[in-house]
$ cat final27.txt   # compact mmCIF, C-alpha atoms
# COMPACT_ATOMS: atom_id res chain seq x y z
CA MET A 1 0.98 -8.97 -18.61
CA LYS A 2 1.06 -5.60 -20.37
CA LYS A 3 -2.48 -4.84 -19.22
CA LEU A 4 -1.46 -5.65 -15.66
CA LEU A 5 1.38 -3.13 -15.90
CA LEU A 6 -1.01 -0.61 -17.43
CA LEU A 7 -3.22 -1.00 -14.38
CA THR A 8 -0.44 0.18 -12.12
CA LEU A 9 0.43 3.07 -14.42
CA ILE A 10 -3.11 4.40 -14.37
CA PHE A 11 -2.96 5.25 -10.73
CA PHE A 12 0.52 6.76 -11.07
CA THR A 13 -0.62 9.69 -13.19
CA LEU A 14 -2.52 8.92 -11.34
CA ASN A 15 -6.46 20.70 11.21
CA SER A 16 -6.25 18.00 13.53
CA CYS A 17 -5.92 17.81 17.32
CA PHE A 18 -2.53 16.20 16.83
CA LEU A 19 -1.00 18.26 14.01
CA GLU A 20 -1.26 22.02 14.05
CA ASP A 21 -0.07 22.65 10.48
CA LYS A 22 -0.92 20.66 7.37
CA SER A 23 2.49 21.60 5.98
CA ASP A 24 3.76 18.75 8.18
CA PHE A 25 2.54 16.51 5.37
CA GLU A 26 5.08 17.75 2.84
CA ALA A 27 7.56 14.86 2.91
CA GLY A 28 7.55 11.16 3.76
CA ASN A 29 6.58 8.00 1.89
CA LEU A 30 5.71 5.97 5.01
CA TRP A 31 3.43 7.22 7.81
CA LYS A 32 2.35 5.66 11.08
CA MET A 33 -1.32 6.17 11.86
CA THR A 34 -2.15 5.93 15.57
CA LEU A 35 -5.72 5.41 16.74
CA LYS A 36 -7.12 6.85 19.95
CA ASN A 37 -6.87 3.37 21.52
CA GLY A 38 -3.14 3.29 20.74
CA LYS A 39 -3.34 0.74 17.92
CA GLU A 40 -1.22 1.45 14.84
CA SER A 41 -1.61 1.14 11.09
CA TYR A 42 0.56 2.45 8.25
CA ILE A 43 0.10 4.47 5.08
CA PHE A 44 2.69 3.98 2.34
CA GLY A 45 2.99 6.02 -0.84
CA THR A 46 3.98 3.93 -3.83
CA VAL A 47 5.29 4.57 -7.30
CA HIS A 48 3.28 2.08 -9.29
CA LEU A 49 5.86 1.31 -11.97
CA TYR A 50 9.58 1.79 -11.49
CA PRO A 51 12.84 0.63 -13.13
CA LYS A 52 14.22 -2.15 -10.95
CA ASN A 53 17.75 -0.77 -11.16
CA GLU A 54 16.64 2.56 -9.64
CA LEU A 55 14.38 1.68 -6.70
CA GLU A 56 13.94 -1.04 -4.10
CA ILE A 57 11.48 -1.44 -1.26
CA PRO A 58 13.23 -0.51 2.02
CA GLU A 59 13.45 -3.22 4.66
CA LEU A 60 11.62 -1.05 7.19
CA VAL A 61 8.62 -0.81 4.84
CA VAL A 62 8.58 -4.60 4.53
CA ALA A 63 8.86 -4.94 8.33
CA LYS A 64 5.90 -2.62 8.94
CA LEU A 65 3.80 -4.48 6.40
CA LYS A 66 4.56 -7.74 8.22
CA GLU A 67 3.26 -6.19 11.46
CA CYS A 68 -0.16 -5.69 9.89
CA GLU A 69 -3.05 -8.07 9.31
CA MET A 70 -4.37 -6.40 6.15
CA LEU A 71 -2.81 -4.93 3.01
CA ALA A 72 -5.17 -2.39 1.44
CA LEU A 73 -4.39 -1.35 -2.13
CA GLU A 74 -6.24 1.13 -4.30
CA ARG A 75 -7.99 -1.83 -5.90
CA ASP A 76 -7.72 -5.54 -5.19
CA ILE A 77 -5.90 -6.68 -8.31
CA THR A 78 -5.72 -10.26 -6.99
CA ASP A 79 -9.44 -10.78 -7.77
CA LYS A 80 -9.30 -12.54 -11.15
CA SER A 81 -12.88 -11.84 -12.22
CA GLU A 82 -12.59 -8.16 -11.39
CA GLN A 83 -9.19 -8.04 -13.09
CA GLN A 84 -10.64 -9.47 -16.29
CA LYS A 85 -13.35 -6.81 -16.26
CA PHE A 86 -10.65 -4.18 -15.99
CA MET A 87 -8.53 -5.69 -18.77
CA ASP A 88 -11.50 -5.73 -21.15
CA PHE A 89 -12.03 -1.98 -20.71
CA GLU A 90 -10.69 0.40 -23.37
CA MET A 91 -8.48 2.88 -21.55
CA PRO A 92 -8.34 6.62 -22.39
CA ALA A 93 -5.57 7.56 -24.81
CA TYR A 94 -3.74 9.60 -22.17
CA PHE A 95 -2.93 6.46 -20.18
CA THR A 96 -2.19 4.16 -23.09
CA GLU A 97 0.25 6.67 -24.60
CA ASN A 98 2.04 7.09 -21.28
CA TYR A 99 2.30 3.33 -20.96
CA LYS A 100 3.69 2.91 -24.48
CA ALA A 101 6.34 5.56 -23.86
CA LEU A 102 7.52 3.90 -20.64
CA ILE A 103 7.63 0.44 -22.22
CA ASN A 104 9.65 1.78 -25.14
CA GLU A 105 12.07 3.49 -22.77
CA TYR A 106 12.49 0.89 -20.01
CA GLY A 107 11.07 -2.38 -21.38
CA ASN A 108 11.36 -5.32 -19.00
CA GLU A 109 13.13 -3.17 -16.39
CA LEU A 110 9.76 -1.89 -15.16
CA VAL A 111 8.51 -3.42 -11.92
CA SER A 112 5.10 -3.12 -10.25
CA MET A 113 5.51 -2.04 -6.63
CA GLU A 114 2.01 -3.28 -5.80
CA SER A 115 2.91 -6.73 -7.10
CA GLN A 116 5.92 -6.80 -4.77
CA LEU A 117 3.75 -5.83 -1.79
CA ILE A 118 1.22 -8.51 -2.73
CA ARG A 119 3.98 -11.12 -2.82
CA ILE A 120 5.13 -10.14 0.67
CA ALA A 121 1.55 -10.21 1.95
CA ASN A 122 0.92 -13.66 0.50
CA GLU A 123 4.17 -15.04 1.92
CA ASN A 124 3.15 -13.79 5.38
CA ARG A 125 -0.56 -14.72 5.19
CA ILE A 126 -1.65 -11.10 5.29
CA LYS A 127 -5.13 -10.45 3.92
CA ILE A 128 -5.53 -8.22 0.86
CA SER A 129 -8.34 -5.79 0.07
CA GLY A 130 -9.06 -2.81 -2.16
CA LEU A 131 -10.29 0.68 -1.35
CA GLU A 132 -12.43 0.85 -4.49
CA SER A 133 -14.19 -1.58 -6.79
CA THR A 134 -13.42 -2.16 -10.45
CA ASP A 135 -16.74 -0.54 -11.40
CA GLU A 136 -15.83 2.58 -9.45
CA ILE A 137 -12.48 3.05 -11.18
CA LEU A 138 -13.96 2.27 -14.61
CA ASP A 139 -16.60 4.95 -14.06
CA ILE A 140 -13.74 7.38 -13.43
CA MET A 141 -11.93 6.19 -16.57
CA THR A 142 -15.12 6.78 -18.57
CA ASP A 143 -15.35 10.34 -17.27
CA LEU A 144 -11.65 10.89 -18.00
CA ALA A 145 -12.15 9.93 -21.63
CA LYS A 146 -14.45 12.96 -22.00
CA ILE A 147 -11.75 15.43 -20.92
CA GLU A 148 -9.71 17.00 -23.70
CA ILE A 149 -5.97 16.67 -23.07
CA PRO A 150 -3.43 18.57 -25.24
CA LYS A 151 -1.76 16.34 -27.83
CA THR A 152 1.61 17.71 -26.71
CA ASP A 153 1.15 15.69 -23.51
CA PHE A 154 1.42 12.53 -25.61
CA GLN A 155 4.96 13.26 -26.80
CA LYS A 156 7.38 10.55 -25.68
CA ASP A 157 10.16 12.93 -24.67
CA LYS A 158 7.81 14.91 -22.45
CA ILE A 159 6.34 11.76 -20.89
CA ILE A 160 9.80 10.39 -20.01
CA GLN A 161 10.96 13.76 -18.68
CA VAL A 162 7.94 14.01 -16.36
CA TYR A 163 8.39 10.38 -15.30
CA GLU A 164 12.04 10.92 -14.38
CA GLN A 165 11.12 14.01 -12.38
CA THR A 166 8.52 11.96 -10.57
CA LEU A 167 11.05 9.27 -9.69
CA GLY A 168 13.31 11.97 -8.27
CA MET A 169 10.50 13.31 -6.07
CA TYR A 170 9.68 9.79 -4.93
CA LYS A 171 13.28 9.09 -3.95
CA SER A 172 13.36 12.31 -1.92
CA GLU A 173 9.84 11.58 -0.55
CA GLN A 174 8.48 14.98 -1.61
CA ILE A 175 4.79 14.07 -1.49
CA ARG A 176 3.51 17.65 -1.41
CA SER A 177 5.66 18.71 -4.36
CA PHE A 178 4.49 15.69 -6.32
CA LYS A 179 0.82 16.53 -5.69
CA ASP A 180 1.49 20.10 -6.87
CA SER A 181 3.29 18.79 -9.96
CA LEU A 182 0.29 16.68 -10.93
CA GLN A 183 -1.84 19.80 -11.06
CA SER A 184 0.66 21.49 -13.36
CA GLN A 185 1.11 18.47 -15.64
CA MET A 186 -2.54 17.89 -16.54
CA PRO A 187 -5.93 19.62 -16.56
CA ARG A 188 -7.38 20.30 -13.12
CA ALA A 189 -10.38 18.11 -13.98
CA VAL A 190 -8.06 15.11 -14.32
CA THR A 191 -6.51 15.45 -10.85
CA GLU A 192 -9.92 16.12 -9.33
CA LEU A 193 -11.17 12.81 -10.75
CA THR A 194 -8.11 10.61 -10.28
CA VAL A 195 -6.86 11.98 -6.95
CA ASP A 196 -9.17 14.26 -4.96
CA LYS A 197 -12.45 12.46 -5.62
CA ARG A 198 -10.93 9.06 -4.95
CA ASN A 199 -9.31 10.23 -1.70
CA LYS A 200 -12.72 11.27 -0.38
CA ASN A 201 -14.26 8.00 -1.55
CA TRP A 202 -11.53 5.96 0.20
CA LEU A 203 -11.69 7.77 3.53
CA GLY A 204 -14.57 5.78 5.03
CA ASP A 205 -13.09 2.46 3.86
CA ILE A 206 -9.71 3.31 5.40
CA ILE A 207 -11.29 4.21 8.73
CA ASN A 208 -13.34 1.01 8.79
CA LEU A 209 -10.24 -1.09 8.07
CA VAL A 210 -7.91 0.47 10.63
CA GLU A 211 -10.55 0.38 13.34
CA LYS A 212 -10.88 -3.40 12.84
CA GLN A 213 -7.25 -4.49 12.49
CA PRO A 214 -3.72 -3.18 11.91
CA THR A 215 -3.72 -2.25 8.23
CA PHE A 216 -0.98 -1.36 5.75
CA ILE A 217 -2.48 1.05 3.22
CA ALA A 218 -0.50 1.32 -0.02
CA VAL A 219 -1.62 3.93 -2.55
CA GLY A 220 0.10 6.12 -5.11
CA MET A 221 2.33 8.85 -3.66
CA GLY A 222 0.12 11.54 -5.21
CA HIS A 223 -2.71 10.63 -2.85
CA LEU A 224 -0.82 11.45 0.37
CA GLY A 225 0.23 15.09 0.55
CA GLY A 226 -1.28 18.49 -0.13
CA ASP A 227 -4.74 19.89 0.40
CA GLY A 228 -7.27 17.09 0.05
CA GLY A 229 -4.55 14.48 0.54
CA LEU A 230 -5.28 11.38 2.59
CA LEU A 231 -2.99 12.49 5.41
CA SER A 232 -4.82 15.78 5.86
CA LEU A 233 -8.22 14.10 5.59
CA LEU A 234 -7.30 11.53 8.25
CA ALA A 235 -5.80 14.17 10.53
CA GLU A 236 -9.08 16.08 10.32
CA LYS A 237 -10.79 12.91 11.61
CA GLY A 238 -8.57 12.97 14.70
CA TYR A 239 -5.95 10.37 13.82
CA LYS A 240 -2.33 10.94 14.83
CA LEU A 241 0.06 10.72 11.88
CA ASN A 242 3.85 10.56 12.09
CA ALA A 243 6.33 10.19 9.26
CA VAL A 244 8.55 7.09 9.52
CA ASP A 245 12.17 7.63 8.49
CA ILE A 246 13.03 5.09 5.83
CA LYS A 247 15.88 7.01 4.18
CA ASN A 248 18.53 5.54 6.45
CA THR A 249 17.36 1.94 6.19
CA SER A 250 18.69 -0.64 3.78
CA PRO A 251 16.58 -1.64 0.78
CA ASN A 252 15.28 -5.18 0.68
CA LYS A 253 16.75 -6.66 -2.49
CA VAL A 254 14.58 -9.76 -2.24
CA TYR A 255 11.49 -7.80 -3.26
CA ASN A 256 12.75 -6.08 -6.37

$ encode --input "final27.txt" --output "structure tokens"
Amino acid sequence: MKKLLLLTLIFFTLNSCFLEDKSDFEAGNLWKMTLKNGKESYIFGTVHLYPKNELEIPELVVAKLKECEMLALERDITDKSEQQKFMDFEMPAYFTENYKALINEYGNELVSMESQLIRIANENRIKISGLESTDEILDIMTDLAKIEIPKTDFQKDKIIQVYEQTLGMYKSEQIRSFKDSLQSQMPRAVTELTVDKRNKNWLGDIINLVEKQPTFIAVGMGHLGGDGGLLSLLAEKGYKLNAVDIKNTSPNKVYN
């Protein structure tokens, strides 16, 4: 169970013809993606682990997921054989120390947002897929282990402070600010590996999925905004992207 929660934590730290200015991608956790044929898919920024007394999945997010035929996560964590391969891998200290700090601070209050989305998908017979394989993410973890990270980043107080700031940005849907904060929190090489490189790797898979069926793409909030974010990359490919207002909708308590 702890390794499953660690999986979700890893990804936490971890000019288009439609949009004239990429600054339009500064805020919004849920985005509608419209194809040239008029069909729609959705991109949702998640916070992988969150205290259940602080966040809930809004009803509108659940409703949009139910409209889709496919739920695409960063990795398909429902595949048991692939999951075992991941669990057997020795994670870099940066991630294990972050995980320990959060467990010590929040304990059983932590909830996996991806697990909640998977439950909704299963209840509504929505297919589930991943944007990357286990081998791909483990290759990235191997490269990460070679990067020297200051020991001060392992201090519990600092980890919790950064985490609380991140929750605040998630609640206010500040996706661009969160991407910028990642670059200030850790070495540039880390964000290049865990965010920028993966965004480019996912782009073709996302396009293939949305062109085939309505797809609900759920990835960490840090992958959406800013230069090199998924929204900018998709806009450059000619897709129309509009933020969906979920601030004024009620949370769905069933999925928390």

$ atom_distance --input "final27.txt" --atom1 "CA of Glu192 in chain A" --atom2 "CA of Met33 in chain A"
24.9 Å

$ residues_around --input "final27.txt" --residues "Ala93 in chain A" --least-positions-apart "3" --cutoff "8 Å" --atoms "only C-alpha atoms" --output "list of chain:residue names"
A:Thr96, A:Glu97, A:Ala145

$ axis_aligned_box --input "final27.txt" --around "range 86-90 of chain A" --padding-each-side "8 Å" --output "lines of an AutoDock Vina configuration file"
center_x = -10.3
center_y = -2.7
center_z = -19.7
size_x = 19.5
size_y = 22.1
size_z = 23.4

$ residues_around --input "final27.txt" --residues "range 177-179 of chain A" --least-positions-apart "4" --cutoff "7 Å" --atoms "all atoms listed in the file" --output "PyMOL selection string"
chain A and resi 166+169+183+222+225-226

$ closest_residue --input "final27.txt" --among "A:Arg188, A:Lys66, A:Lys32, A:Lys39" --to "Asn122 in chain A" --atoms "only C-alpha atoms"
A:Lys66

$ residues_around --input "final27.txt" --residues "Ile126 in chain A" --least-positions-apart "3" --cutoff "7 Å" --atoms "only C-alpha atoms" --output "VMD selection string"
chain A and resid 69 to 71 121 to 122
